[in-house]
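*Asks:* Pasting structure.pdb here (PDB, C-alpha atoms):
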```pdb
ATOM      1  CA  MET I   1       0.000   0.000   0.000
ATOM      2  CA  PRO I   2       1.689   3.199  -1.121
ATOM      3  CA  GLU I   3       2.465   5.990   1.287
ATOM      4  CA  VAL I   4       1.161   9.305  -0.024
ATOM      5  CA  ILE I   5       1.781  12.926   0.852
ATOM      6  CA  PHE I   6      -1.025  15.245  -0.206
ATOM      7  CA  PRO I   7      -1.749  18.934   0.349
ATOM      8  CA  GLY I   8      -3.720  19.937   3.431
ATOM      9  CA  PRO I   9      -4.954  23.387   4.422
ATOM     10  CA  ASP I  10      -1.892  24.094   6.581
ATOM     11  CA  GLY I  11       0.846  21.981   5.059
ATOM     12  CA  ARG I  12       1.300  18.482   3.710
ATOM     13  CA  LEU I  13      -0.517  15.476   5.155
ATOM     14  CA  GLU I  14       0.767  11.915   5.351
ATOM     15  CA  GLY I  15      -1.478   9.026   4.411
ATOM     16  CA  ARG I  16      -1.818   5.435   3.240
ATOM     17  CA  TYR I  17      -3.684   5.035  -0.035
ATOM     18  CA  HIS I  18      -5.058   1.617  -0.969
ATOM     19  CA  PRO I  19      -6.650   1.561  -4.446
ATOM     20  CA  GLN I  20      -8.805  -1.047  -6.159
ATOM     21  CA  LYS I  21      -8.283  -2.122  -9.768
ATOM     22  CA  ASP I  22     -11.885  -1.189 -10.548
ATOM     23  CA  LYS I  23     -11.887   2.488 -11.559
ATOM     24  CA  ASP I  24     -15.454   3.067 -10.353
ATOM     25  CA  ALA I  25     -14.933   1.364  -6.980
ATOM     26  CA  PRO I  26     -16.522   3.143  -3.999
ATOM     27  CA  ILE I  27     -14.197   5.249  -1.849
ATOM     28  CA  ALA I  28     -13.793   5.546   1.929
ATOM     29  CA  ILE I  29     -11.693   7.642   4.277
ATOM     30  CA  ILE I  30     -10.914   6.412   7.788
ATOM     31  CA  LEU I  31     -10.265   8.937  10.581
ATOM     32  CA  HIS I  32      -8.070   8.271  13.611
ATOM     33  CA  PRO I  33      -8.534   9.040  17.339
ATOM     34  CA  HIS I  34      -7.326  12.059  19.281
ATOM     35  CA  PRO I  35      -3.901  13.362  18.168
ATOM     36  CA  GLN I  36      -2.945  14.428  21.689
ATOM     37  CA  PHE I  37      -3.572  11.004  23.200
ATOM     38  CA  GLY I  38      -1.511   8.868  20.857
ATOM     39  CA  GLY I  39      -4.026   8.724  18.014
ATOM     40  CA  SER I  40      -2.642   8.069  14.544
ATOM     41  CA  MET I  41      -3.549   6.311  11.311
ATOM     42  CA  ASN I  42      -1.713   3.233  12.654
ATOM     43  CA  ASN I  43      -4.181   2.826  15.534
ATOM     44  CA  LYS I  44      -5.422  -0.799  15.538
ATOM     45  CA  VAL I  45      -9.091   0.099  15.137
ATOM     46  CA  VAL I  46      -8.317   2.470  12.240
ATOM     47  CA  TYR I  47      -5.987  -0.074  10.613
ATOM     48  CA  ASN I  48      -8.594  -2.828  10.826
ATOM     49  CA  LEU I  49     -11.370  -0.572   9.543
ATOM     50  CA  HIS I  50      -9.184   0.398   6.592
ATOM     51  CA  TYR I  51      -8.557  -3.214   5.591
ATOM     52  CA  ALA I  52     -12.194  -4.161   6.158
ATOM     53  CA  PHE I  53     -13.345  -1.488   3.717
ATOM     54  CA  HIS I  54     -10.701  -2.567   1.211
ATOM     55  CA  ARG I  55     -11.865  -6.196   1.446
ATOM     56  CA  MET I  56     -15.366  -4.950   0.678
ATOM     57  CA  GLY I  57     -14.164  -3.411  -2.585
ATOM     58  CA  PHE I  58     -13.490   0.174  -1.503
ATOM     59  CA  THR I  59     -10.513   2.292  -2.486
ATOM     60  CA  CYS I  60      -9.365   3.535   0.920
ATOM     61  CA  LEU I  61      -7.374   6.371   2.429
ATOM     62  CA  ARG I  62      -6.342   6.742   6.038
ATOM     63  CA  PHE I  63      -4.095   9.612   7.057
ATOM     64  CA  ASN I  64      -2.522  11.444   9.964
ATOM     65  CA  PHE I  65      -4.153  14.643  11.137
ATOM     66  CA  ARG I  66      -1.942  17.736  11.347
ATOM     67  CA  GLY I  67       0.960  17.400  13.771
ATOM     68  CA  VAL I  68       0.852  13.586  13.788
ATOM     69  CA  GLY I  69       3.634  11.528  12.173
ATOM     70  CA  ARG I  70       4.893  13.331   9.091
ATOM     71  CA  SER I  71       1.802  15.520   8.710
ATOM     72  CA  GLN I  72       2.638  19.192   9.075
ATOM     73  CA  GLY I  73       0.925  21.670  11.362
ATOM     74  CA  GLU I  74      -0.293  21.549  14.963
ATOM     75  CA  TYR I  75      -3.344  20.221  16.769
ATOM     76  CA  ASP I  76      -6.252  22.631  16.261
ATOM     77  CA  GLN I  77      -9.080  21.613  18.630
ATOM     78  CA  GLY I  78     -10.926  19.781  15.855
ATOM     79  CA  ILE I  79     -11.346  22.807  13.588
ATOM     80  CA  GLY I  80      -8.187  22.239  11.557
ATOM     81  CA  GLU I  81      -8.664  18.477  11.745
ATOM     82  CA  LEU I  82     -12.030  18.828  10.006
ATOM     83  CA  SER I  83     -10.278  20.823   7.274
ATOM     84  CA  ASP I  84      -7.678  18.033   7.051
ATOM     85  CA  ALA I  85     -10.455  15.454   6.578
ATOM     86  CA  ALA I  86     -12.007  17.598   3.821
ATOM     87  CA  SER I  87      -8.621  17.808   2.092
ATOM     88  CA  ALA I  88      -8.204  14.031   2.355
ATOM     89  CA  LEU I  89     -11.607  13.518   0.763
ATOM     90  CA  ASP I  90     -10.706  16.022  -1.974
ATOM     91  CA  TYR I  91      -7.537  14.036  -2.700
ATOM     92  CA  LEU I  92      -9.384  10.715  -2.739
ATOM     93  CA  GLN I  93     -12.023  12.091  -5.096
ATOM     94  CA  MET I  94      -9.369  13.587  -7.370
ATOM     95  CA  MET I  95      -7.706  10.173  -7.602
ATOM     96  CA  ASN I  96     -11.047   8.426  -8.188
ATOM     97  CA  PRO I  97     -13.337  10.739 -10.184
ATOM     98  CA  ASN I  98     -15.624   7.858 -11.203
ATOM     99  CA  ALA I  99     -16.207   6.395  -7.738
ATOM    100  CA  LYS I 100     -19.758   5.102  -7.450
ATOM    101  CA  ALA I 101     -20.133   5.824  -3.729
ATOM    102  CA  CYS I 102     -18.389   7.690  -0.904
ATOM    103  CA  TRP I 103     -18.236   6.659   2.769
ATOM    104  CA  VAL I 104     -16.554   7.967   5.902
ATOM    105  CA  ALA I 105     -15.514   5.929   8.936
ATOM    106  CA  GLY I 106     -14.073   7.294  12.167
ATOM    107  CA  PHE I 107     -12.986   6.023  15.555
ATOM    108  CA  SER I 108     -13.428   8.032  18.778
ATOM    109  CA  PHE I 109     -12.270  11.624  18.053
ATOM    110  CA  GLY I 110     -12.206  10.581  14.393
ATOM    111  CA  ALA I 111     -15.899   9.633  14.639
ATOM    112  CA  TRP I 112     -16.701  13.177  15.796
ATOM    113  CA  ILE I 113     -14.723  14.663  12.904
ATOM    114  CA  GLY I 114     -16.305  12.206  10.481
ATOM    115  CA  MET I 115     -19.831  13.182  11.490
ATOM    116  CA  GLN I 116     -18.981  16.855  10.973
ATOM    117  CA  LEU I 117     -17.571  16.069   7.520
ATOM    118  CA  LEU I 118     -20.816  14.243   6.769
ATOM    119  CA  MET I 119     -22.744  17.469   7.358
ATOM    120  CA  ARG I 120     -20.576  19.393   4.899
ATOM    121  CA  ARG I 121     -20.259  16.899   2.058
ATOM    122  CA  PRO I 122     -23.587  15.769   0.572
ATOM    123  CA  GLU I 123     -21.839  13.173  -1.589
ATOM    124  CA  ILE I 124     -21.126  11.014   1.480
ATOM    125  CA  ALA I 125     -23.661   8.188   1.221
ATOM    126  CA  GLY I 126     -22.943   6.352   4.469
ATOM    127  CA  PHE I 127     -20.921   6.416   7.650
ATOM    128  CA  VAL I 128     -19.467   4.154  10.311
ATOM    129  CA  SER I 129     -18.997   5.830  13.680
ATOM    130  CA  VAL I 130     -17.016   3.686  16.139
ATOM    131  CA  SER I 131     -17.003   4.641  19.838
ATOM    132  CA  PRO I 132     -18.166   8.234  19.237
ATOM    133  CA  PRO I 133     -17.253  10.239  22.391
ATOM    134  CA  ALA I 134     -20.722  11.695  22.923
ATOM    135  CA  ASN I 135     -19.784  12.561  26.526
ATOM    136  CA  MET I 136     -16.863  14.781  25.441
ATOM    137  CA  TYR I 137     -18.050  16.512  22.279
ATOM    138  CA  ASP I 138     -21.214  18.213  21.107
ATOM    139  CA  PHE I 139     -23.013  16.236  18.406
ATOM    140  CA  THR I 140     -26.046  18.532  18.196
ATOM    141  CA  PHE I 141     -24.834  19.734  14.782
ATOM    142  CA  LEU I 142     -26.426  16.540  13.402
ATOM    143  CA  ALA I 143     -29.742  18.271  12.878
ATOM    144  CA  PRO I 144     -30.738  16.728  10.640
ATOM    145  CA  CYS I 145     -28.229  13.937  10.026
ATOM    146  CA  PRO I 146     -27.993  13.748   6.213
ATOM    147  CA  SER I 147     -27.124  10.064   5.720
ATOM    148  CA  SER I 148     -27.877   6.647   7.157
ATOM    149  CA  GLY I 149     -25.088   4.925   9.035
ATOM    150  CA  LEU I 150     -23.812   2.595  11.732
ATOM    151  CA  ILE I 151     -22.905   3.598  15.297
ATOM    152  CA  LEU I 152     -20.936   0.924  17.122
ATOM    153  CA  ASN I 153     -19.469   0.735  20.627
ATOM    154  CA  GLY I 154     -18.393  -1.674  23.332
ATOM    155  CA  ASP I 155     -20.557  -2.133  26.405
ATOM    156  CA  ALA I 156     -17.490  -1.947  28.667
ATOM    157  CA  ASP I 157     -16.269   1.392  27.261
ATOM    158  CA  ARG I 158     -15.066   3.659  30.079
ATOM    159  CA  VAL I 159     -13.842   6.440  27.792
ATOM    160  CA  ALA I 160     -17.127   7.028  25.949
ATOM    161  CA  PRO I 161     -19.875   5.672  28.244
ATOM    162  CA  PRO I 162     -22.382   3.421  26.430
ATOM    163  CA  ALA I 163     -25.343   5.306  27.912
ATOM    164  CA  GLU I 164     -24.233   8.543  26.234
ATOM    165  CA  ILE I 165     -23.736   6.813  22.874
ATOM    166  CA  THR I 166     -27.167   5.185  23.155
ATOM    167  CA  LYS I 167     -28.687   8.586  23.878
ATOM    168  CA  LEU I 168     -27.035  10.005  20.745
ATOM    169  CA  ALA I 169     -28.165   7.072  18.595
ATOM    170  CA  ASP I 170     -31.734   7.238  19.897
ATOM    171  CA  LYS I 171     -31.909  10.954  19.105
ATOM    172  CA  LEU I 172     -30.673  10.404  15.554
ATOM    173  CA  LYS I 173     -33.106   7.514  15.050
ATOM    174  CA  GLN I 174     -35.990   9.942  15.454
ATOM    175  CA  GLN I 175     -35.056  11.774  12.275
ATOM    176  CA  LYS I 176     -37.049  10.962   9.148
ATOM    177  CA  GLY I 177     -35.573   9.902   5.847
ATOM    178  CA  ILE I 178     -32.522   8.094   7.258
ATOM    179  CA  THR I 179     -31.900   4.865   9.166
ATOM    180  CA  ILE I 180     -29.459   4.803  12.073
ATOM    181  CA  THR I 181     -28.241   1.375  13.138
ATOM    182  CA  HIS I 182     -26.738   1.136  16.632
ATOM    183  CA  GLU I 183     -24.916  -2.016  17.713
ATOM    184  CA  THR I 184     -23.022  -2.878  20.884
ATOM    185  CA  VAL I 185     -20.196  -5.406  21.258
ATOM    186  CA  ALA I 186     -20.471  -7.279  24.557
ATOM    187  CA  GLY I 187     -17.388  -7.107  26.781
ATOM    188  CA  ALA I 188     -15.527  -4.684  24.515
ATOM    189  CA  ASN I 189     -13.766  -1.601  25.861
ATOM    190  CA  HIS I 190     -13.148   1.656  23.982
ATOM    191  CA  PHE I 191     -10.387   0.079  21.884
ATOM    192  CA  PHE I 192     -12.185  -3.253  21.286
ATOM    193  CA  ASP I 193      -9.597  -5.238  23.185
ATOM    194  CA  PRO I 194     -11.237  -7.752  23.341
ATOM    195  CA  GLY I 195     -13.915  -7.558  20.666
ATOM    196  CA  MET I 196     -12.020  -6.345  17.565
ATOM    197  CA  GLU I 197     -13.019  -9.257  15.321
ATOM    198  CA  GLU I 198     -16.686  -8.987  16.229
ATOM    199  CA  MET I 199     -16.676  -5.222  15.713
ATOM    200  CA  ILE I 200     -15.104  -5.563  12.263
ATOM    201  CA  SER I 201     -17.526  -8.369  11.381
ATOM    202  CA  ARG I 202     -20.475  -6.127  12.256
ATOM    203  CA  VAL I 203     -19.061  -3.292  10.176
ATOM    204  CA  GLU I 204     -18.631  -5.626   7.202
ATOM    205  CA  ASN I 205     -22.164  -7.027   7.552
ATOM    206  CA  TYR I 206     -23.638  -3.543   7.707
ATOM    207  CA  VAL I 207     -21.661  -2.001   4.831
ATOM    208  CA  THR I 208     -22.062  -4.980   2.478
ATOM    209  CA  GLY I 209     -25.796  -4.946   3.193
ATOM    210  CA  ARG I 210     -26.046  -1.254   2.380
ATOM    211  CA  MET I 211     -23.985  -1.594  -0.798
ATOM    212  CA  ALA I 212     -26.168  -4.514  -1.968
ATOM    213  CA  GLU I 213     -29.252  -2.317  -1.562
ATOM    214  CA  THR I 214     -27.818   0.389  -3.793
ATOM    215  CA  THR I 215     -26.887  -2.028  -6.616
ATOM    216  CA  ARG I 216     -30.278  -3.709  -6.935
TER     217      ARG I 216
END
```
Could you render the structure from this file as structure tokens?
*Replies:*
Amino acid sequence: MPEVIFPGPDGRLEGRYHPQKDKDAPIAIILHPHPQFGGSMNNKVVYNLHYAFHRMGFTCLRFNFRGVGRSQGEYDQGIGELSDAASALDYLQMMNPNAKACWVAGFSFGAWIGMQLLMRRPEIAGFVSVSPPANMYDFTFLAPCPSSGLILNGDADRVAPPAEITKLADKLKQQKGITITHETVAGANHFFDPGMEEMISRVENYVTGRMAETTR
């Protein structure tokens, strides 16, 4: 999988780009957890999500937010990181102008950024939000949430309490025109250790189901 350096809003960003042979393959970006707490594109959840999407036929890009790894810039409270995510999507779309669908997946802090990107980019058809920290960040901007998606967390998560994630999912489920699926992995903590295989399996079942619906 080739390493790529692409332009961000405040300097170059480092990523891993994983193309498919099919030129109209769907595309997905995967967003990593908090840069100030060791989050990077090599996080195990992000890595496994990336390969899961690639197995499902997506051309994938995961990257380091500003100030992480070889990405230039400094942590910017989520504002600059959202701009980074938009730049990553721009790059992925430039590389794949004929992509038949666009998805975003994020873990923890990355889930919060991903949901904000969803609000700004109408071409995003679906999302996967893993362990969204609904106790730490304001998700009220999802009014209305523009796309259907999957929210997934572990029931032993002490970083993002399951009750807060359930509250977020229940609120989004009330919106018309979209379908929010919320699933919980028994015994899994914030990082799905244990529970990684089951989490990835649920993501694959959900995304393949959604993609089958759109090709009928």
*Asks:* Once the PyMOL selection byres ((chain I and resi 159) around 10) has been evaluated on this model, what residues remain selected, and can you format them as a PyMOL selection string?
*Replies:* chain I and resi 108+131-136+156-158+160-162+189-191
*Asks:* If I wrap all listed atoms of stretch 156-169 of chain I in a box with edges along x, y and z and add 5 Å on each side, what are its centre and edge lengths in Å to one decimal, as AutoDock Vina command-line options?
*Replies:*
```
--center_x -21.3 --center_y 4.0 --center_z 24.3 --size_x 24.8 --size_y 22.0 --size_z 21.5
```
*Asks:* So that I can check the surroundings of I:Ile151, please list as an mmCIF file with C-alpha atoms, in the frame of the given file every protein, DNA and RNA residue that reaches within 12 Å of it, counting all atoms listed in the file and ignoring chain neighbours fewer than 6 positions away.
*Replies:*
```
data_model
loop_
_atom_site.group_PDB
_atom_site.id
_atom_site.type_symbol
_atom_site.label_atom_id
_atom_site.label_comp_id
_atom_site.auth_asym_id
_atom_site.auth_seq_id
_atom_site.Cartn_x
_atom_site.Cartn_y
_atom_site.Cartn_z
ATOM 1 C CA ALA I 105 -15.514 5.929 8.936
ATOM 2 C CA GLY I 106 -14.073 7.294 12.167
ATOM 3 C CA PHE I 107 -12.986 6.023 15.555
ATOM 4 C CA SER I 108 -13.428 8.032 18.778
ATOM 5 C CA ALA I 111 -15.899 9.633 14.639
ATOM 6 C CA TRP I 112 -16.701 13.177 15.796
ATOM 7 C CA GLY I 114 -16.305 12.206 10.481
ATOM 8 C CA MET I 115 -19.831 13.182 11.490
ATOM 9 C CA GLY I 126 -22.943 6.352 4.469
ATOM 10 C CA PHE I 127 -20.921 6.416 7.650
ATOM 11 C CA VAL I 128 -19.467 4.154 10.311
ATOM 12 C CA SER I 129 -18.997 5.830 13.680
ATOM 13 C CA VAL I 130 -17.016 3.686 16.139
ATOM 14 C CA SER I 131 -17.003 4.641 19.838
ATOM 15 C CA PRO I 132 -18.166 8.234 19.237
ATOM 16 C CA PRO I 133 -17.253 10.239 22.391
ATOM 17 C CA ALA I 134 -20.722 11.695 22.923
ATOM 18 C CA PRO I 162 -22.382 3.421 26.430
ATOM 19 C CA ILE I 165 -23.736 6.813 22.874
ATOM 20 C CA THR I 166 -27.167 5.185 23.155
ATOM 21 C CA LYS I 167 -28.687 8.586 23.878
ATOM 22 C CA LEU I 168 -27.035 10.005 20.745
ATOM 23 C CA ALA I 169 -28.165 7.072 18.595
ATOM 24 C CA ASP I 170 -31.734 7.238 19.897
ATOM 25 C CA LEU I 172 -30.673 10.404 15.554
ATOM 26 C CA LYS I 173 -33.106 7.514 15.050
ATOM 27 C CA THR I 179 -31.900 4.865 9.166
ATOM 28 C CA ILE I 180 -29.459 4.803 12.073
ATOM 29 C CA THR I 181 -28.241 1.375 13.138
ATOM 30 C CA HIS I 182 -26.738 1.136 16.632
ATOM 31 C CA GLU I 183 -24.916 -2.016 17.713
ATOM 32 C CA THR I 184 -23.022 -2.878 20.884
ATOM 33 C CA VAL I 185 -20.196 -5.406 21.258
ATOM 34 C CA MET I 199 -16.676 -5.222 15.713
ATOM 35 C CA ARG I 202 -20.475 -6.127 12.256
ATOM 36 C CA VAL I 203 -19.061 -3.292 10.176
ATOM 37 C CA TYR I 206 -23.638 -3.543 7.707
ATOM 38 C CA VAL I 207 -21.661 -2.001 4.831
#
```
*Asks:* Which residue out of I:Leu150, I:Ala28, I:Ala212, I:Leu142 has the minimum interatomic distance to I:Gln175 when only C-alpha atoms are used?
*Replies:*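 Going through I:Leu150, I:Ala28, I:Ala212, I:Leu142 one by one, the smallest distance to I:Gln175 is for I:Leu142.
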*Asks:* Please list as a VMD selection string every residue within 12 Å of I:Asn48, counting all atoms listed in the file and excluding residues in the same chain fewer than 3 positions away.
*Replies:* chain I and resid 30 to 32 41 to 45 51 to 55 60 62 105 to 107 130 191 to 192 196 to 201 203 to 204
*Asks:* Measuring between all atoms listed in the file, which one of I:Asp193, I:Gln72, I:Asp138, I:Ala186 shows the shortest distance to I:Glu164?
*Replies:* I:Asp138
*Asks:* Please enumerate the residues selected by the PyMOL selection byres ((chain I and resi 75-90) around 9) when evaluated against the supplied file, formatted as a ChimeraX atom specification.
*Replies:* /I:6-10,13,15,28-29,31,35-36,61-68,73-74,91-95,109,112-114,116-117,120-121
*Asks:* Work out how far atom CA of I:Pro2 is from atom CA of I:His18, in Å to one decimal.
*Replies:*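 For atom CA of I:His18 relative to atom CA of I:Pro2, the distance reads 6.9 Å.
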*Asks:* Can you tell me how far atom CA of I:Tyr137 sits from atom CA of I:Phe37, in Å to one decimal?
*Replies:*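 For atom CA of I:Tyr137 relative to atom CA of I:Phe37, the distance reads 15.5 Å.
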*Asks:* Quick one: pull the distance between atom CA of I:Gly209 and atom CA of I:Lys21, Å, one decimal.
*Replies:*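 Those two atoms sit 22.0 Å apart.
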*Asks:* I would like the residues chosen by the PyMOL selection byres ((chain I and resi 146) around 10) on the shown file; could you give them as an mmCIF file with C-alpha atoms, in the coordinates of the input?
*Replies:*
```cif
data_model
loop_
_atom_site.group_PDB
_atom_site.id
_atom_site.type_symbol
_atom_site.label_atom_id
_atom_site.label_comp_id
_atom_site.auth_asym_id
_atom_site.auth_seq_id
_atom_site.Cartn_x
_atom_site.Cartn_y
_atom_site.Cartn_z
ATOM 1 C CA MET I 115 -19.831 13.182 11.490
ATOM 2 C CA LEU I 118 -20.816 14.243 6.769
ATOM 3 C CA MET I 119 -22.744 17.469 7.358
ATOM 4 C CA ARG I 120 -20.576 19.393 4.899
ATOM 5 C CA ARG I 121 -20.259 16.899 2.058
ATOM 6 C CA PRO I 122 -23.587 15.769 0.572
ATOM 7 C CA GLU I 123 -21.839 13.173 -1.589
ATOM 8 C CA ILE I 124 -21.126 11.014 1.480
ATOM 9 C CA ALA I 125 -23.661 8.188 1.221
ATOM 10 C CA GLY I 126 -22.943 6.352 4.469
ATOM 11 C CA LEU I 142 -26.426 16.540 13.402
ATOM 12 C CA ALA I 143 -29.742 18.271 12.878
ATOM 13 C CA PRO I 144 -30.738 16.728 10.640
ATOM 14 C CA CYS I 145 -28.229 13.937 10.026
ATOM 15 C CA SER I 147 -27.124 10.064 5.720
ATOM 16 C CA SER I 148 -27.877 6.647 7.157
ATOM 17 C CA GLY I 149 -25.088 4.925 9.035
ATOM 18 C CA GLN I 175 -35.056 11.774 12.275
ATOM 19 C CA LYS I 176 -37.049 10.962 9.148
ATOM 20 C CA GLY I 177 -35.573 9.902 5.847
ATOM 21 C CA ILE I 178 -32.522 8.094 7.258
#
```
*Asks:* List the spatial neighbours of I:Pro19 as a compact mmCIF listing (two decimals) with C-alpha atoms, keeping the file's coordinate frame - criterion: any atom at most 9 Å away, only C-alpha atoms, same-chain residues fewer than 4 positions off excluded.
*Replies:*
```
# COMPACT_ATOMS: atom_id res chain seq x y z
CA MET I 1 0.00 0.00 0.00
CA LYS I 23 -11.89 2.49 -11.56
CA ALA I 25 -14.93 1.36 -6.98
CA ILE I 27 -14.20 5.25 -1.85
CA HIS I 54 -10.70 -2.57 1.21
CA PHE I 58 -13.49 0.17 -1.50
CA THR I 59 -10.51 2.29 -2.49
CA CYS I 60 -9.36 3.54 0.92
CA LEU I 61 -7.37 6.37 2.43
CA ASN I 96 -11.05 8.43 -8.19
```
*Asks:* Working from the structure I just supplied, which lacks atoms in stretch 176-201 of chain I, can you model N, CA and C atoms there and output them as a PDB file, in the frame of the given file?
*Replies:*
```
ATOM      1  N   LYS I 176     -36.415  11.617  10.287  1.00  0.00           N
ATOM      2  CA  LYS I 176     -37.049  10.962   9.148  1.00  0.00           C
ATOM      3  C   LYS I 176     -36.134  10.963   7.931  1.00  0.00           C
ATOM      4  N   GLY I 177     -36.302   9.962   7.108  1.00  0.00           N
ATOM      5  CA  GLY I 177     -35.573   9.902   5.847  1.00  0.00           C
ATOM      6  C   GLY I 177     -34.240   9.182   5.907  1.00  0.00           C
ATOM      7  N   ILE I 178     -33.774   8.845   7.100  1.00  0.00           N
ATOM      8  CA  ILE I 178     -32.522   8.094   7.258  1.00  0.00           C
ATOM      9  C   ILE I 178     -32.758   6.936   8.227  1.00  0.00           C
ATOM     10  N   THR I 179     -31.842   5.984   8.234  1.00  0.00           N
ATOM     11  CA  THR I 179     -31.900   4.865   9.166  1.00  0.00           C
ATOM     12  C   THR I 179     -30.581   4.782   9.921  1.00  0.00           C
ATOM     13  N   ILE I 180     -30.650   4.921  11.228  1.00  0.00           N
ATOM     14  CA  ILE I 180     -29.459   4.803  12.073  1.00  0.00           C
ATOM     15  C   ILE I 180     -29.464   3.428  12.738  1.00  0.00           C
ATOM     16  N   THR I 181     -28.402   2.692  12.523  1.00  0.00           N
ATOM     17  CA  THR I 181     -28.241   1.375  13.138  1.00  0.00           C
ATOM     18  C   THR I 181     -27.241   1.503  14.279  1.00  0.00           C
ATOM     19  N   HIS I 182     -27.633   1.067  15.470  1.00  0.00           N
ATOM     20  CA  HIS I 182     -26.738   1.136  16.632  1.00  0.00           C
ATOM     21  C   HIS I 182     -26.515  -0.274  17.159  1.00  0.00           C
ATOM     22  N   GLU I 183     -25.260  -0.685  17.216  1.00  0.00           N
ATOM     23  CA  GLU I 183     -24.916  -2.016  17.713  1.00  0.00           C
ATOM     24  C   GLU I 183     -23.863  -1.914  18.803  1.00  0.00           C
ATOM     25  N   THR I 184     -23.942  -2.849  19.749  1.00  0.00           N
ATOM     26  CA  THR I 184     -23.022  -2.878  20.884  1.00  0.00           C
ATOM     27  C   THR I 184     -22.311  -4.222  20.928  1.00  0.00           C
ATOM     28  N   VAL I 185     -20.995  -4.185  21.150  1.00  0.00           N
ATOM     29  CA  VAL I 185     -20.196  -5.406  21.258  1.00  0.00           C
ATOM     30  C   VAL I 185     -20.010  -5.731  22.739  1.00  0.00           C
ATOM     31  N   ALA I 186     -20.519  -6.872  23.149  1.00  0.00           N
ATOM     32  CA  ALA I 186     -20.471  -7.279  24.557  1.00  0.00           C
ATOM     33  C   ALA I 186     -19.035  -7.486  25.014  1.00  0.00           C
ATOM     34  N   GLY I 187     -18.697  -6.911  26.172  1.00  0.00           N
ATOM     35  CA  GLY I 187     -17.388  -7.107  26.781  1.00  0.00           C
ATOM     36  C   GLY I 187     -16.275  -6.261  26.207  1.00  0.00           C
ATOM     37  N   ALA I 188     -16.581  -5.472  25.180  1.00  0.00           N
ATOM     38  CA  ALA I 188     -15.527  -4.684  24.515  1.00  0.00           C
ATOM     39  C   ALA I 188     -15.333  -3.340  25.195  1.00  0.00           C
ATOM     40  N   ASN I 189     -14.063  -2.929  25.328  1.00  0.00           N
ATOM     41  CA  ASN I 189     -13.766  -1.601  25.861  1.00  0.00           C
ATOM     42  C   ASN I 189     -13.691  -0.597  24.707  1.00  0.00           C
ATOM     43  N   HIS I 190     -13.196   0.591  24.987  1.00  0.00           N
ATOM     44  CA  HIS I 190     -13.148   1.656  23.982  1.00  0.00           C
ATOM     45  C   HIS I 190     -12.339   1.249  22.754  1.00  0.00           C
ATOM     46  N   PHE I 191     -11.298   0.457  22.969  1.00  0.00           N
ATOM     47  CA  PHE I 191     -10.387   0.079  21.884  1.00  0.00           C
ATOM     48  C   PHE I 191     -10.671  -1.310  21.324  1.00  0.00           C
ATOM     49  N   PHE I 192     -11.777  -1.924  21.751  1.00  0.00           N
ATOM     50  CA  PHE I 192     -12.185  -3.253  21.286  1.00  0.00           C
ATOM     51  C   PHE I 192     -11.094  -4.293  21.512  1.00  0.00           C
ATOM     52  N   ASP I 193     -10.597  -4.266  22.736  1.00  0.00           N
ATOM     53  CA  ASP I 193      -9.597  -5.238  23.185  1.00  0.00           C
ATOM     54  C   ASP I 193     -10.085  -5.807  24.524  1.00  0.00           C
ATOM     55  N   PRO I 194     -10.891  -6.886  24.478  1.00  0.00           N
ATOM     56  CA  PRO I 194     -11.237  -7.752  23.341  1.00  0.00           C
ATOM     57  C   PRO I 194     -12.400  -7.191  22.539  1.00  0.00           C
ATOM     58  N   GLY I 195     -12.735  -7.892  21.449  1.00  0.00           N
ATOM     59  CA  GLY I 195     -13.915  -7.558  20.666  1.00  0.00           C
ATOM     60  C   GLY I 195     -13.640  -7.026  19.272  1.00  0.00           C
ATOM     61  N   MET I 196     -12.357  -6.924  18.866  1.00  0.00           N
ATOM     62  CA  MET I 196     -12.020  -6.345  17.565  1.00  0.00           C
ATOM     63  C   MET I 196     -12.644  -7.133  16.409  1.00  0.00           C
ATOM     64  N   GLU I 197     -12.514  -8.454  16.435  1.00  0.00           N
ATOM     65  CA  GLU I 197     -13.019  -9.257  15.321  1.00  0.00           C
ATOM     66  C   GLU I 197     -14.521  -9.117  15.176  1.00  0.00           C
ATOM     67  N   GLU I 198     -15.226  -9.123  16.304  1.00  0.00           N
ATOM     68  CA  GLU I 198     -16.686  -8.987  16.229  1.00  0.00           C
ATOM     69  C   GLU I 198     -17.072  -7.608  15.718  1.00  0.00           C
ATOM     70  N   MET I 199     -16.370  -6.575  16.175  1.00  0.00           N
ATOM     71  CA  MET I 199     -16.676  -5.222  15.713  1.00  0.00           C
ATOM     72  C   MET I 199     -16.499  -5.115  14.198  1.00  0.00           C
ATOM     73  N   ILE I 200     -15.378  -5.626  13.697  1.00  0.00           N
ATOM     74  CA  ILE I 200     -15.104  -5.563  12.263  1.00  0.00           C
ATOM     75  C   ILE I 200     -16.141  -6.385  11.489  1.00  0.00           C
ATOM     76  N   SER I 201     -16.517  -7.527  12.022  1.00  0.00           N
ATOM     77  CA  SER I 201     -17.526  -8.369  11.381  1.00  0.00           C
ATOM     78  C   SER I 201     -18.853  -7.629  11.250  1.00  0.00           C
TER      79      SER I 201
END
```
